Every structure is written in C-alpha cells, then in structure tokens.
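Text of structure.txt (compact mmCIF, C-alpha atoms and all ligand atoms) as supplied:
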```txt
# COMPACT_ATOMS: atom_id res chain seq x y z
CA MET K 1 0.00 0.00 0.00
CA LYS K 2 1.62 3.20 -1.12
CA ILE K 3 0.04 6.59 -0.66
CA ILE K 4 1.18 8.96 -3.43
CA PRO K 5 1.29 12.71 -2.61
CA ALA K 6 0.16 15.50 -5.02
CA TYR K 7 -1.36 13.10 -7.52
CA SER K 8 -2.92 14.25 -10.82
CA LEU K 9 -6.56 13.18 -11.23
CA LYS K 10 -6.65 14.01 -14.95
CA LYS K 11 -6.83 10.34 -15.96
CA TYR K 12 -9.40 9.63 -13.25
CA ASN K 13 -12.20 11.96 -14.36
CA SER K 14 -14.03 11.57 -17.66
CA PHE K 15 -14.02 15.35 -18.24
CA GLY K 16 -10.22 15.02 -18.43
CA ILE K 17 -9.72 17.99 -16.12
CA GLU K 18 -6.38 18.64 -14.48
CA ALA K 19 -6.68 18.77 -10.69
CA LYS K 20 -4.50 17.32 -7.95
CA ALA K 21 -5.37 15.13 -5.00
CA LYS K 22 -3.42 15.97 -1.84
CA ALA K 23 -2.75 12.24 -1.63
CA PHE K 24 -3.94 9.21 -3.61
CA LEU K 25 -4.25 5.49 -3.06
CA ALA K 26 -5.89 2.67 -5.01
CA ILE K 27 -7.84 0.28 -2.77
CA GLU K 28 -8.09 -3.37 -3.86
CA GLU K 29 -9.90 -4.88 -0.89
CA GLU K 30 -12.16 -4.01 2.00
CA ALA K 31 -9.56 -4.82 4.68
CA SER K 32 -7.05 -2.32 3.30
CA LEU K 33 -9.78 0.32 3.16
CA GLN K 34 -10.46 -0.28 6.87
CA ARG K 35 -6.73 -0.05 7.65
CA VAL K 36 -6.46 3.29 5.84
CA ILE K 37 -9.51 4.66 7.67
CA ALA K 38 -7.99 3.64 11.02
CA THR K 39 -4.69 5.42 10.35
CA ALA K 40 -5.52 8.35 8.01
CA THR K 41 -4.93 11.84 9.32
CA GLU K 42 -6.55 13.56 6.32
CA PRO K 43 -10.22 13.54 5.29
CA ILE K 44 -11.01 10.69 2.87
CA VAL K 45 -12.80 11.02 -0.45
CA ILE K 46 -13.85 8.02 -2.58
CA LEU K 47 -13.45 8.02 -6.33
CA GLY K 48 -15.24 5.52 -8.56
CA GLY K 49 -14.95 5.75 -12.33
CA GLY K 50 -14.83 9.56 -12.19
CA SER K 51 -17.54 9.71 -14.86
CA ASN K 52 -19.99 11.86 -12.94
CA ILE K 53 -17.79 14.50 -11.32
CA LEU K 54 -16.63 17.99 -12.22
CA LEU K 55 -13.35 18.90 -10.53
CA CYS K 56 -13.44 22.66 -9.91
CA GLN K 57 -10.37 22.71 -7.67
CA ASP K 58 -7.59 20.54 -6.25
CA VAL K 59 -8.91 17.97 -3.80
CA ASP K 60 -7.58 18.69 -0.32
CA ALA K 61 -8.01 15.10 0.88
CA LEU K 62 -6.75 11.56 0.61
CA VAL K 63 -8.47 10.30 -2.55
CA LEU K 64 -9.11 6.56 -2.55
CA LYS K 65 -9.78 4.93 -5.91
CA ASN K 66 -12.20 2.06 -5.37
CA ASN K 67 -10.67 -0.94 -7.19
CA ILE K 68 -12.48 -3.63 -5.20
CA LYS K 69 -13.25 -6.36 -7.74
CA GLY K 70 -15.17 -9.64 -7.92
CA LYS K 71 -18.37 -11.07 -9.41
CA LYS K 72 -20.01 -13.94 -7.56
CA LEU K 73 -23.21 -15.93 -7.99
CA LEU K 74 -24.74 -15.89 -4.49
CA ARG K 75 -28.01 -17.76 -5.00
CA SER K 76 -29.84 -19.36 -7.88
CA PHE K 77 -33.63 -19.61 -7.82
CA LYS K 78 -35.96 -21.04 -10.46
CA HIS K 79 -36.27 -17.83 -12.46
CA GLN K 80 -33.75 -15.54 -10.79
CA VAL K 81 -30.21 -15.23 -9.50
CA HIS K 82 -28.59 -12.99 -6.94
CA VAL K 83 -25.08 -11.87 -7.84
CA ALA K 84 -22.64 -9.91 -5.68
CA VAL K 85 -20.33 -7.52 -7.48
CA GLY K 86 -17.33 -5.55 -6.19
CA GLY K 87 -17.78 -1.77 -6.09
CA GLY K 88 -14.65 -1.22 -8.19
CA GLU K 89 -15.85 -3.32 -11.14
CA ASN K 90 -16.45 -1.44 -14.39
CA TRP K 91 -20.22 -1.10 -14.89
CA HIS K 92 -20.34 -1.96 -18.59
CA GLU K 93 -18.04 -4.99 -18.20
CA PHE K 94 -20.47 -6.22 -15.53
CA VAL K 95 -23.41 -5.71 -17.94
CA ARG K 96 -21.68 -7.69 -20.69
CA TRP K 97 -20.79 -10.45 -18.20
CA CYS K 98 -24.50 -10.69 -17.29
CA ILE K 99 -25.37 -11.04 -20.97
CA ASP K 100 -22.77 -13.80 -21.41
CA GLN K 101 -24.33 -15.66 -18.43
CA ASN K 102 -27.82 -14.97 -19.86
CA TYR K 103 -28.81 -12.98 -16.77
CA GLY K 104 -31.33 -10.31 -17.74
CA GLY K 105 -32.17 -6.97 -16.14
CA VAL K 106 -29.28 -4.61 -16.79
CA GLU K 107 -29.05 -4.78 -20.62
CA ASN K 108 -30.82 -1.38 -21.00
CA LEU K 109 -28.04 0.10 -18.86
CA SER K 110 -25.29 -0.91 -21.32
CA LEU K 111 -22.34 1.40 -21.92
CA ILE K 112 -23.01 3.68 -18.96
CA PRO K 113 -19.55 4.82 -17.89
CA GLY K 114 -18.44 4.37 -14.29
CA THR K 115 -18.23 1.69 -11.66
CA VAL K 116 -20.64 -0.68 -9.94
CA GLY K 117 -20.06 1.03 -6.58
CA ALA K 118 -20.99 4.44 -7.96
CA ALA K 119 -24.13 3.20 -9.72
CA PRO K 120 -26.43 3.28 -6.65
CA ILE K 121 -25.31 6.78 -5.64
CA GLN K 122 -27.24 8.39 -8.47
CA ASN K 123 -29.50 5.40 -9.20
CA ILE K 124 -28.22 5.23 -12.80
CA GLY K 125 -30.90 4.85 -15.42
CA ALA K 126 -31.48 4.68 -19.15
CA TYR K 127 -34.08 3.52 -21.67
CA GLY K 128 -36.81 2.75 -19.16
CA VAL K 129 -34.71 0.94 -16.52
CA GLU K 130 -33.09 2.18 -13.31
CA LEU K 131 -30.60 0.52 -11.01
CA LYS K 132 -33.24 0.28 -8.27
CA ASP K 133 -35.24 -2.17 -10.45
CA VAL K 134 -32.53 -4.85 -10.05
CA PHE K 135 -31.16 -3.86 -6.64
CA VAL K 136 -31.20 -6.19 -3.63
CA ARG K 137 -28.71 -4.67 -1.16
CA LEU K 138 -25.28 -3.14 -0.88
CA GLU K 139 -22.40 -3.21 1.54
CA ALA K 140 -20.63 -0.01 2.45
CA ILE K 141 -17.83 0.99 4.77
CA ASP K 142 -18.35 3.97 7.05
CA LEU K 143 -15.46 6.34 6.29
CA GLN K 144 -15.36 7.58 9.90
CA THR K 145 -15.49 4.30 11.83
CA GLY K 146 -14.48 1.68 9.23
CA GLU K 147 -17.58 -0.34 10.12
CA ARG K 148 -19.42 -2.32 7.48
CA ARG K 149 -23.10 -1.51 7.00
CA ILE K 150 -25.75 -3.22 4.87
CA PHE K 151 -28.23 -1.02 2.98
CA ARG K 152 -31.40 -2.67 1.65
CA LEU K 153 -33.71 -1.17 -0.95
CA GLN K 154 -35.80 0.74 1.61
CA ASP K 155 -32.65 2.23 3.20
CA CYS K 156 -31.41 3.81 -0.03
CA ALA K 157 -34.29 6.25 -0.79
CA PHE K 158 -33.76 5.82 -4.51
CA GLY K 159 -35.33 8.50 -6.71
CA TYR K 160 -34.71 9.87 -10.18
CA ARG K 161 -30.86 10.14 -10.31
CA ASP K 162 -30.98 10.32 -6.53
CA SER K 163 -30.37 8.31 -3.36
CA VAL K 164 -29.49 8.70 0.30
CA PHE K 165 -25.82 8.69 -0.81
CA LYS K 166 -26.34 12.05 -2.55
CA ARG K 167 -28.11 13.49 0.48
CA LYS K 168 -27.89 12.43 4.16
CA TYR K 169 -24.89 10.13 3.59
CA LYS K 170 -23.08 12.18 0.96
CA GLY K 171 -19.37 11.42 1.19
CA LYS K 172 -19.90 9.24 4.27
CA TYR K 173 -19.51 5.73 2.83
CA CYS K 174 -17.50 3.67 0.36
CA ILE K 175 -19.74 1.18 -1.47
CA THR K 176 -17.73 -2.02 -1.58
CA LYS K 177 -20.27 -4.53 -2.89
CA VAL K 178 -23.67 -4.46 -4.61
CA VAL K 179 -26.06 -7.43 -4.82
CA PHE K 180 -28.34 -7.56 -7.88
CA ARG K 181 -31.43 -9.61 -8.67
CA LEU K 182 -31.24 -10.76 -12.29
CA SER K 183 -33.55 -12.89 -14.34
CA LYS K 184 -32.80 -16.26 -15.93
CA THR K 185 -35.94 -15.94 -18.06
CA ALA K 186 -35.71 -12.27 -18.95
CA LYS K 187 -38.60 -10.38 -20.48
CA VAL K 188 -36.88 -7.65 -22.45
CA ASN K 189 -37.89 -4.00 -22.09
CA ALA K 190 -37.99 -2.54 -25.62
CA SER K 191 -40.71 0.00 -24.91
CA TYR K 192 -38.46 3.04 -25.35
CA GLY K 193 -39.00 4.54 -28.83
CA ALA K 194 -35.31 4.79 -29.74
CA ILE K 195 -34.78 1.11 -28.87
CA LYS K 196 -37.72 0.00 -31.03
CA ALA K 197 -36.44 2.03 -33.97
CA THR K 198 -32.87 0.76 -33.59
CA LEU K 199 -33.95 -2.90 -33.36
CA LYS K 200 -35.89 -2.38 -36.59
CA GLU K 201 -32.77 -0.90 -38.25
CA MET K 202 -30.82 -3.94 -37.02
CA GLY K 203 -33.47 -6.26 -38.52
CA VAL K 204 -34.27 -7.80 -35.11
CA THR K 205 -37.89 -8.86 -34.60
CA GLN K 206 -37.54 -11.09 -31.50
CA PRO K 207 -35.02 -9.24 -29.31
CA ASP K 208 -33.14 -11.10 -26.59
CA ILE K 209 -31.07 -9.35 -23.91
CA ARG K 210 -27.98 -9.30 -26.16
CA ALA K 211 -29.94 -7.56 -28.95
CA ILE K 212 -31.24 -4.95 -26.50
CA SER K 213 -27.72 -4.34 -25.22
CA ASP K 214 -26.40 -4.02 -28.79
CA ALA K 215 -29.21 -1.58 -29.66
CA VAL K 216 -28.51 0.55 -26.56
CA ILE K 217 -24.79 0.60 -27.40
CA ARG K 218 -25.63 1.77 -30.94
CA ILE K 219 -27.91 4.55 -29.69
CA ARG K 220 -25.44 5.76 -27.08
CA GLN K 221 -22.51 5.67 -29.51
CA SER K 222 -24.46 7.66 -32.10
CA LYS K 223 -25.56 10.38 -29.66
CA LEU K 224 -23.16 10.58 -26.76
CA PRO K 225 -19.52 11.57 -27.13
CA ASP K 226 -16.92 8.99 -26.06
CA PRO K 227 -15.11 10.44 -23.00
CA ALA K 228 -11.85 8.89 -24.27
CA VAL K 229 -12.10 11.21 -27.29
CA LEU K 230 -13.99 14.23 -25.93
CA GLY K 231 -14.12 14.86 -22.17
CA ASN K 232 -17.64 14.76 -20.73
CA ALA K 233 -19.71 13.30 -17.89
CA GLY K 234 -22.88 12.27 -19.75
CA SER K 235 -25.98 14.29 -18.93
CA PHE K 236 -24.79 17.34 -17.03
CA PHE K 237 -28.28 18.28 -15.76
CA LYS K 238 -31.29 16.31 -14.57
CA ASN K 239 -34.49 16.46 -16.58
CA PRO K 240 -36.72 18.85 -14.62
CA VAL K 241 -39.97 17.47 -13.23
CA LEU K 242 -42.78 20.04 -13.18
CA SER K 243 -46.18 20.17 -11.53
CA LYS K 244 -49.10 19.73 -13.94
CA LYS K 245 -50.02 23.38 -13.37
CA GLN K 246 -46.55 24.74 -14.11
CA PHE K 247 -46.34 22.53 -17.18
CA LYS K 248 -49.74 23.63 -18.57
CA ARG K 249 -48.69 27.27 -18.29
CA LEU K 250 -45.48 26.49 -20.14
CA GLN K 251 -47.25 24.48 -22.83
CA THR K 252 -49.63 27.36 -23.52
CA ALA K 253 -46.65 29.61 -24.22
CA PHE K 254 -44.58 26.91 -26.02
CA PRO K 255 -47.01 24.39 -27.60
CA SER K 256 -44.23 22.25 -29.15
CA ILE K 257 -42.59 21.49 -25.79
CA VAL K 258 -41.48 17.83 -25.52
CA HIS K 259 -42.71 16.14 -22.32
CA TYR K 260 -43.47 12.86 -20.58
CA ASP K 261 -46.39 12.46 -18.17
CA LEU K 262 -45.30 10.63 -15.02
CA PRO K 263 -47.58 8.24 -13.09
CA ASP K 264 -47.85 10.64 -10.13
CA GLY K 265 -49.36 13.41 -12.27
CA THR K 266 -46.15 15.44 -12.63
CA VAL K 267 -44.54 16.09 -16.01
CA LYS K 268 -40.90 15.53 -17.02
CA VAL K 269 -39.42 17.86 -19.62
CA PRO K 270 -36.14 16.94 -21.36
CA ALA K 271 -33.45 19.38 -20.28
CA GLY K 272 -31.79 18.69 -23.67
CA TRP K 273 -34.79 20.23 -25.43
CA LEU K 274 -34.85 23.31 -23.16
CA ILE K 275 -31.10 23.84 -23.66
CA GLU K 276 -31.33 23.38 -27.43
CA GLN K 277 -34.29 25.78 -27.69
CA SER K 278 -32.32 28.31 -25.65
CA GLY K 279 -29.68 28.29 -28.39
CA TRP K 280 -26.88 26.35 -26.69
CA LYS K 281 -26.74 23.09 -28.65
CA GLY K 282 -23.37 22.66 -30.36
CA LYS K 283 -22.21 26.07 -29.08
CA ARG K 284 -18.57 26.38 -28.05
CA VAL K 285 -17.32 28.79 -25.39
CA GLY K 286 -13.52 28.71 -25.14
CA ASN K 287 -12.56 25.09 -24.54
CA THR K 288 -16.03 24.12 -23.33
CA GLY K 289 -19.38 23.62 -24.98
CA SER K 290 -22.73 21.90 -25.25
CA HIS K 291 -22.47 18.81 -27.47
CA LYS K 292 -23.71 18.98 -31.06
CA ASN K 293 -25.77 15.75 -30.87
CA GLN K 294 -27.09 16.04 -27.31
CA ALA K 295 -27.35 19.49 -25.76
CA LEU K 296 -27.56 18.03 -22.24
CA VAL K 297 -23.94 16.86 -22.42
CA LEU K 298 -21.29 19.49 -21.67
CA VAL K 299 -17.85 18.81 -23.12
CA ASN K 300 -14.21 19.70 -22.61
CA TYR K 301 -12.61 20.34 -26.01
CA GLY K 302 -9.21 20.06 -24.29
CA GLY K 303 -7.52 22.10 -21.61
CA ALA K 304 -10.72 23.41 -20.00
CA THR K 305 -10.74 23.89 -16.25
CA GLY K 306 -13.58 22.69 -14.04
CA LYS K 307 -14.43 26.31 -13.27
CA GLU K 308 -14.84 27.09 -16.98
CA ILE K 309 -17.29 24.21 -17.40
CA TYR K 310 -19.08 25.31 -14.24
CA THR K 311 -19.37 28.86 -15.60
CA LEU K 312 -20.87 27.51 -18.84
CA ALA K 313 -23.33 25.41 -16.82
CA MET K 314 -24.41 28.48 -14.82
CA LYS K 315 -24.96 30.49 -18.03
CA ILE K 316 -27.10 27.68 -19.45
CA ILE K 317 -29.11 27.49 -16.22
CA ALA K 318 -29.68 31.27 -16.35
CA SER K 319 -30.86 31.33 -19.96
CA VAL K 320 -33.24 28.38 -19.54
CA LYS K 321 -34.60 30.06 -16.42
CA GLN K 322 -35.06 33.34 -18.25
CA LYS K 323 -36.82 31.84 -21.29
CA TYR K 324 -38.89 29.09 -19.64
CA GLY K 325 -38.91 29.92 -15.91
CA VAL K 326 -37.60 26.39 -15.31
CA GLN K 327 -34.71 25.75 -12.90
CA LEU K 328 -32.20 23.17 -14.13
CA THR K 329 -30.08 21.37 -11.56
CA PRO K 330 -26.77 19.61 -12.21
CA GLU K 331 -26.80 15.83 -12.17
CA VAL K 332 -23.00 15.74 -12.05
CA ASN K 333 -21.30 16.04 -8.63
CA ILE K 334 -19.38 19.30 -8.37
CA TRP K 335 -16.17 18.93 -6.31
N1 LIG Z 1 -33.75 16.61 -26.91
C1 LIG Z 1 -33.63 17.74 -27.69
N2 LIG Z 1 -32.35 18.22 -27.92
C2 LIG Z 1 -31.26 17.63 -27.42
C3 LIG Z 1 -31.40 16.47 -26.64
C4 LIG Z 1 -32.65 15.98 -26.39
O1 LIG Z 1 -34.59 18.32 -28.16
O2 LIG Z 1 -30.16 18.13 -27.70
C5 LIG Z 1 -35.11 16.07 -26.66
C6 LIG Z 1 -35.63 15.20 -27.76
O3 LIG Z 1 -36.98 15.49 -27.95
C7 LIG Z 1 -35.53 13.81 -27.22
C8 LIG Z 1 -35.70 14.04 -25.74
O4 LIG Z 1 -35.10 15.31 -25.50
O5 LIG Z 1 -36.51 12.99 -27.75
C9 LIG Z 1 -35.05 13.01 -24.87
O6 LIG Z 1 -33.69 12.83 -25.24
P1 LIG Z 1 -32.90 11.46 -24.93
O7 LIG Z 1 -33.72 10.30 -25.33
O8 LIG Z 1 -31.53 11.61 -25.49
O9 LIG Z 1 -32.88 11.41 -23.37
P2 LIG Z 1 -32.54 12.50 -22.27
O10 LIG Z 1 -33.79 12.76 -21.51
O11 LIG Z 1 -31.85 13.67 -22.85
C10 LIG Z 1 -32.02 10.72 -20.42
C11 LIG Z 1 -30.93 10.44 -19.43
C12 LIG Z 1 -29.74 9.79 -20.11
C13 LIG Z 1 -30.22 8.47 -20.71
C14 LIG Z 1 -31.35 8.78 -21.71
C15 LIG Z 1 -31.98 7.53 -22.27
C16 LIG Z 1 -31.15 12.15 -17.72
C17 LIG Z 1 -30.59 13.38 -17.13
N3 LIG Z 1 -30.52 11.69 -18.79
O12 LIG Z 1 -31.51 11.68 -21.35
O13 LIG Z 1 -28.79 9.47 -19.10
O14 LIG Z 1 -29.17 7.81 -21.38
O15 LIG Z 1 -32.41 9.50 -21.05
O16 LIG Z 1 -32.76 6.89 -21.31
O17 LIG Z 1 -32.13 11.62 -17.19
C18 LIG Z 1 -26.86 10.31 -17.95
O18 LIG Z 1 -27.54 10.29 -16.93
O19 LIG Z 1 -25.66 10.69 -17.94
C19 LIG Z 1 -27.47 9.90 -19.22
C20 LIG Z 1 -26.81 9.97 -20.38
```
Before we go any further, please render this structure as structure tokens.
Amino acid sequence: MKIIPAYSLKKYNSFGIEAKAKAFLAIEEEASLQRVIATATEPIVILGGGSNILLCQDVDALVLKNNIKGKKLLRSFKHQVHVAVGGGENWHEFVRWCIDQNYGGVENLSLIPGTVGAAPIQNIGAYGVELKDVFVRLEAIDLQTGERRIFRLQDCAFGYRDSVFKRKYKGKYCITKVVFRLSKTAKVNASYGAIKATLKEMGVTQPDIRAISDAVIRIRQSKLPDPAVLGNAGSFFKNPVLSKKQFKRLQTAFPSIVHYDLPDGTVKVPAGWLIEQSGWKGKRVGNTGSHKNQALVLVNYGGATGKEIYTLAMKIIASVKQKYGVQLTPEVNIW
C-alpha cells in the first residue's frame, strides 16, 4: 500500500480535467480500506470511475480509488439469480458479463460509464430501466469508523438520479459490494421509442437481452460523445420534473414542448430540449461547450478547467430560467 502525494486526477475523471489530489491510493480490498480509515490523518474522499464528477479545484483530501473487484453468484432460484459484485468493477463490463451468463435486467443500462459502486449513488438509469429495479442490497464501509453496513432497498431512498448517498450520507460511505437480482428468463424492455427504432434498423424482430444491449450501445454511440475522445460526464443536468399546473402554463406559451407524463401526475421535460431551444446546442465557449448531438452533455474540447465548465453550466441554467422559468439542476457532482 503506497500513498502517493500531489497526484494528478486528470486520468481519473471523464471530463479530463487537471486537478490534484493531496494524496492518492488505489484500494483493492475491504480490509485495506479499513486499515487506511484507522490510520488516516486527512479527510477521505472516494473516487469511482470519475464519470460523474466535475473537478473545480484541487482535492484537499486523501483520494481513494475504489478498485475492489469480484463477481459472484450468491443464489440461484428457479427464475432468478442474486449476484454480488465488487464496487470497483467497471459497470459496462459487468453488464456484458450478465449477458454472457444470460442474466437479464441490466441490458438497457449498457455502456453507462463508471463503476458498480458508484451506480447506486445516483440510481443510474437509461431507456426505461433504473438501477433500483434490479437492486437487492449493498455493503458499504463507514469512512469515519471503518464499520461495514448493509443497505437494503428501503434504506437507499432511490429516486430519479438520486439516493441517500447524494443526500444524508453524501461522502460518508464507500460502497464495496452491490447485490443484484437478475432474471434467468428475462422479459426484455424494448418499450423506449429509440430502442424499437434501432432494433428495426438492425433487422431484429424477436429481441433477446444481447440484442437490446447491442441496440442501446448503438444509440449511445451515435448520440453521446466517447469520453476517451472528448471529455464529458454524460448528462450534465437532470431532466426537470414540473407540476401539472406549471407545465400547462409552459405548454400554452410553447405548444411544441417535448414532455413525458409521469404516473404521479407530474410532467418531465427533457433538459436537452430546453437547452437546445435556448440556443446552446453545439455552441462552443472557449474550450467548453454543449455537445452537437445532445445538448444536455457538456464537453471539454481540451484544456478546460472545471471552473470554466461550471461557468458555462451556470450560463445555461440562467438562460433556460429566463426563457422558460424552469430551474435546471446539475446531475453531475461538483467537487
Ligand atoms: N432533446 C432535444 N435536444 C437535445 C437532446 C434531447 O430536443 O439536444 C429532446 C428530444 O426530444 C428527445 C428528448 O429530448 O426525444 C429526450 O432525449 P434522450 O432520449 O436523449 O434522453 P434525455 O432525456 O436527454 C435521459 C438520461 C440519459 C439516458 C437517456 C436515455 C437524464 C438526465 N438523462 O436523457 O442518461 O441515457 O435519457 O434513457 O435523465 C446520464 O444520466 O448521464 C445519461 C446519459
């Protein structure tokens, strides 16, 4: 175990922003994490895949990169399995492993960057599926005491891109293991329009989980920039959820507004649409910009600082607010 001082995090955040950790250590197992907690004199910060953070300054802490690996079949039932996965596993590699085992449930979440341990924090979601739909429990280490704690579904307060780990327990735990419930007899979820259209393009009429995963990969690759080529953190903002009343008022003024009615009577409006209609799509400001294929994704054209991207985000928030009276909130964690 070797703690490295003044360590560059450029390779550890998908925006590709230069910022330094006061100290850095990769953690391969739970026991070494507990040893570090017992002896550390600095505050501890956990880093997963770095695909949902914006580094606006150097990190004045001991940054621990969660590299805890392992995929294990815990229980096999008639139609389902429970699998336990290390928090440091790459999310997409886990998804493809599930497809190879013919375990269904996470195929719609293909190609989401990041790690398994970070996935519950923002309840990752795409194409009609969220992490909470396949979640059984997780294990996490308390960064103050080093104690292990089990969180079940009801403990996590999962919401749209939200959980207890973004609120009450923000920065308090390292998620070391997640247990998923997957299906051996998967019914695929191809209800999302873009998936249906892509399967048709692919000539698939009876999609299995592999076909769904391939379709999702195609859609994501066609719309979302690859962080290895162009720094970004996926959707920068959440899609705002409006009350029926607020939405009706907006629709009267802007009849073409794209929207989705939610079961509880509220209405979700795509932030990408609001940002595009406010004139930001494909616009470049210095080394930053809003992506040409998906306005919701902010990008680093190279050499941008976190503060520059933050400034762009604030300008976008202000113009959407001015035109539509709608408040956008970042989905990305600002450090
Ligand atoms: N739209 C525009 N202009 C744009 C982008 C989108 O007008 O530049 C409109 C279009 O009408 C489009 C609609 O917005 O039909 C929805 O766009 P899309 O299907 O791309 O989905 P999204 O709402 O922008 C959300 C998630 C994505 C996830 C996709 C697919 C959030 C914040 N984002 O995006 O998640 O992949 O749905 O399910 O909920 C992420 O969280 O990082 C992420 C990429």
*Can you tell me which residues come within 8 Å of ligand LIG 1 (chain Z) when counting only C-alpha atoms and all ligand atoms, ideally as a PyMOL selection string?*
chain K and resi 52+112+124-129+160-161+192+194+220+223-224+233-239+258+269-277+281+291-297+331
One decimal place gives the CA of Gly16 in chain K-CA of Gly50 in chain K separation as 9.5 Å
Point out the residue among K:Gly306, K:Ile37, K:Gly117, K:Ile99 with the least atom-to-atom distance to Asp58 in chain K, counting all atoms listed in the file.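 Among K:Gly306, K:Ile37, K:Gly117, K:Ile99, it is K:Gly306 that comes nearest to Asp58 in chain K.
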The residue from K:Arg75, K:His92, K:Lys184, K:Arg137 with the smallest atom-to-atom distance to Gly105 in chain K, counting all atoms listed in the file, is K:Lys184
With all atoms listed in the file as the counted atoms, please give the residues lying no more than 10 Å from Leu62 in chain K, apart from itself and same-chain residues fewer than 3 positions off, as a PDB file with C-alpha atoms, in the coordinates of the input.
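Done, and the output landed in out_23.pdb:
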```pdb
ATOM      1  CA  ILE K   3       0.040   6.590  -0.660  1.00  0.00           C
ATOM      2  CA  ILE K   4       1.180   8.960  -3.430  1.00  0.00           C
ATOM      3  CA  PRO K   5       1.290  12.710  -2.610  1.00  0.00           C
ATOM      4  CA  ALA K   6       0.160  15.500  -5.020  1.00  0.00           C
ATOM      5  CA  TYR K   7      -1.360  13.100  -7.520  1.00  0.00           C
ATOM      6  CA  ALA K  21      -5.370  15.130  -5.000  1.00  0.00           C
ATOM      7  CA  LYS K  22      -3.420  15.970  -1.840  1.00  0.00           C
ATOM      8  CA  ALA K  23      -2.750  12.240  -1.630  1.00  0.00           C
ATOM      9  CA  PHE K  24      -3.940   9.210  -3.610  1.00  0.00           C
ATOM     10  CA  LEU K  25      -4.250   5.490  -3.060  1.00  0.00           C
ATOM     11  CA  VAL K  36      -6.460   3.290   5.840  1.00  0.00           C
ATOM     12  CA  ALA K  40      -5.520   8.350   8.010  1.00  0.00           C
ATOM     13  CA  THR K  41      -4.930  11.840   9.320  1.00  0.00           C
ATOM     14  CA  GLU K  42      -6.550  13.560   6.320  1.00  0.00           C
ATOM     15  CA  PRO K  43     -10.220  13.540   5.290  1.00  0.00           C
ATOM     16  CA  ILE K  44     -11.010  10.690   2.870  1.00  0.00           C
ATOM     17  CA  VAL K  45     -12.800  11.020  -0.450  1.00  0.00           C
ATOM     18  CA  ILE K  46     -13.850   8.020  -2.580  1.00  0.00           C
ATOM     19  CA  VAL K  59      -8.910  17.970  -3.800  1.00  0.00           C
ATOM     20  CA  LYS K  65      -9.780   4.930  -5.910  1.00  0.00           C
TER      21      LYS K  65
END
```
Review point. Contacts of range 29-34 of chain K at 8 Å or less, counting all atoms listed in the file, minus same-chain residues fewer than 3 places along, as JSON, numbers by chain?
Key: {"K": [37, 38, 67, 68, 69, 141, 146, 147, 176]}
query = What's the 12 Å shell around Glu18 in chain K, counting all atoms listed in the file, without same-chain residues fewer than 6 positions away, as a ChimeraX atom specification?
reply = /K:6-12,54-59,231,300,302-307
- Query: Using all atoms listed in the file, which of K:Val179, K:Leu47, K:Leu143, K:Leu109 sits nearest Lys72 in chain K?
  - Reply: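 Ranking K:Val179, K:Leu47, K:Leu143, K:Leu109 by distance to Lys72 in chain K, first place goes to K:Val179.
Among K:Ser278, K:Lys177, K:Pro225, K:Ala197, the residue with the shortest atom-to-atom distance to Gly86 in chain K, counting only C-alpha atoms, is K:Lys177.
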Using all atoms listed in the file, what residues lie at most 9 Å away from (-23.3, 23.5, -10.1) (file coordinates), given as a list in words?
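Residues with an atom at most 9 Å from (-23.3, 23.5, -10.1): Leu54, Tyr310, Thr311, Ala313, Met314, Thr329, Pro330, Glu331, Val332, Asn333 and Ile334 of chain K.
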May I have the residues within 6 Å of Val299 in chain K as a PDB file with C-alpha atoms, in the coordinates of the input, using all atoms listed in the file and disregarding those fewer than 2 positions away in the same chain?
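Result file is part.pdb:
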```
ATOM      1  CA  GLY K 231     -14.120  14.860 -22.170  1.00  0.00           C
ATOM      2  CA  ASN K 232     -17.640  14.760 -20.730  1.00  0.00           C
ATOM      3  CA  THR K 288     -16.030  24.120 -23.330  1.00  0.00           C
ATOM      4  CA  GLY K 289     -19.380  23.620 -24.980  1.00  0.00           C
TER       5      GLY K 289
END
```
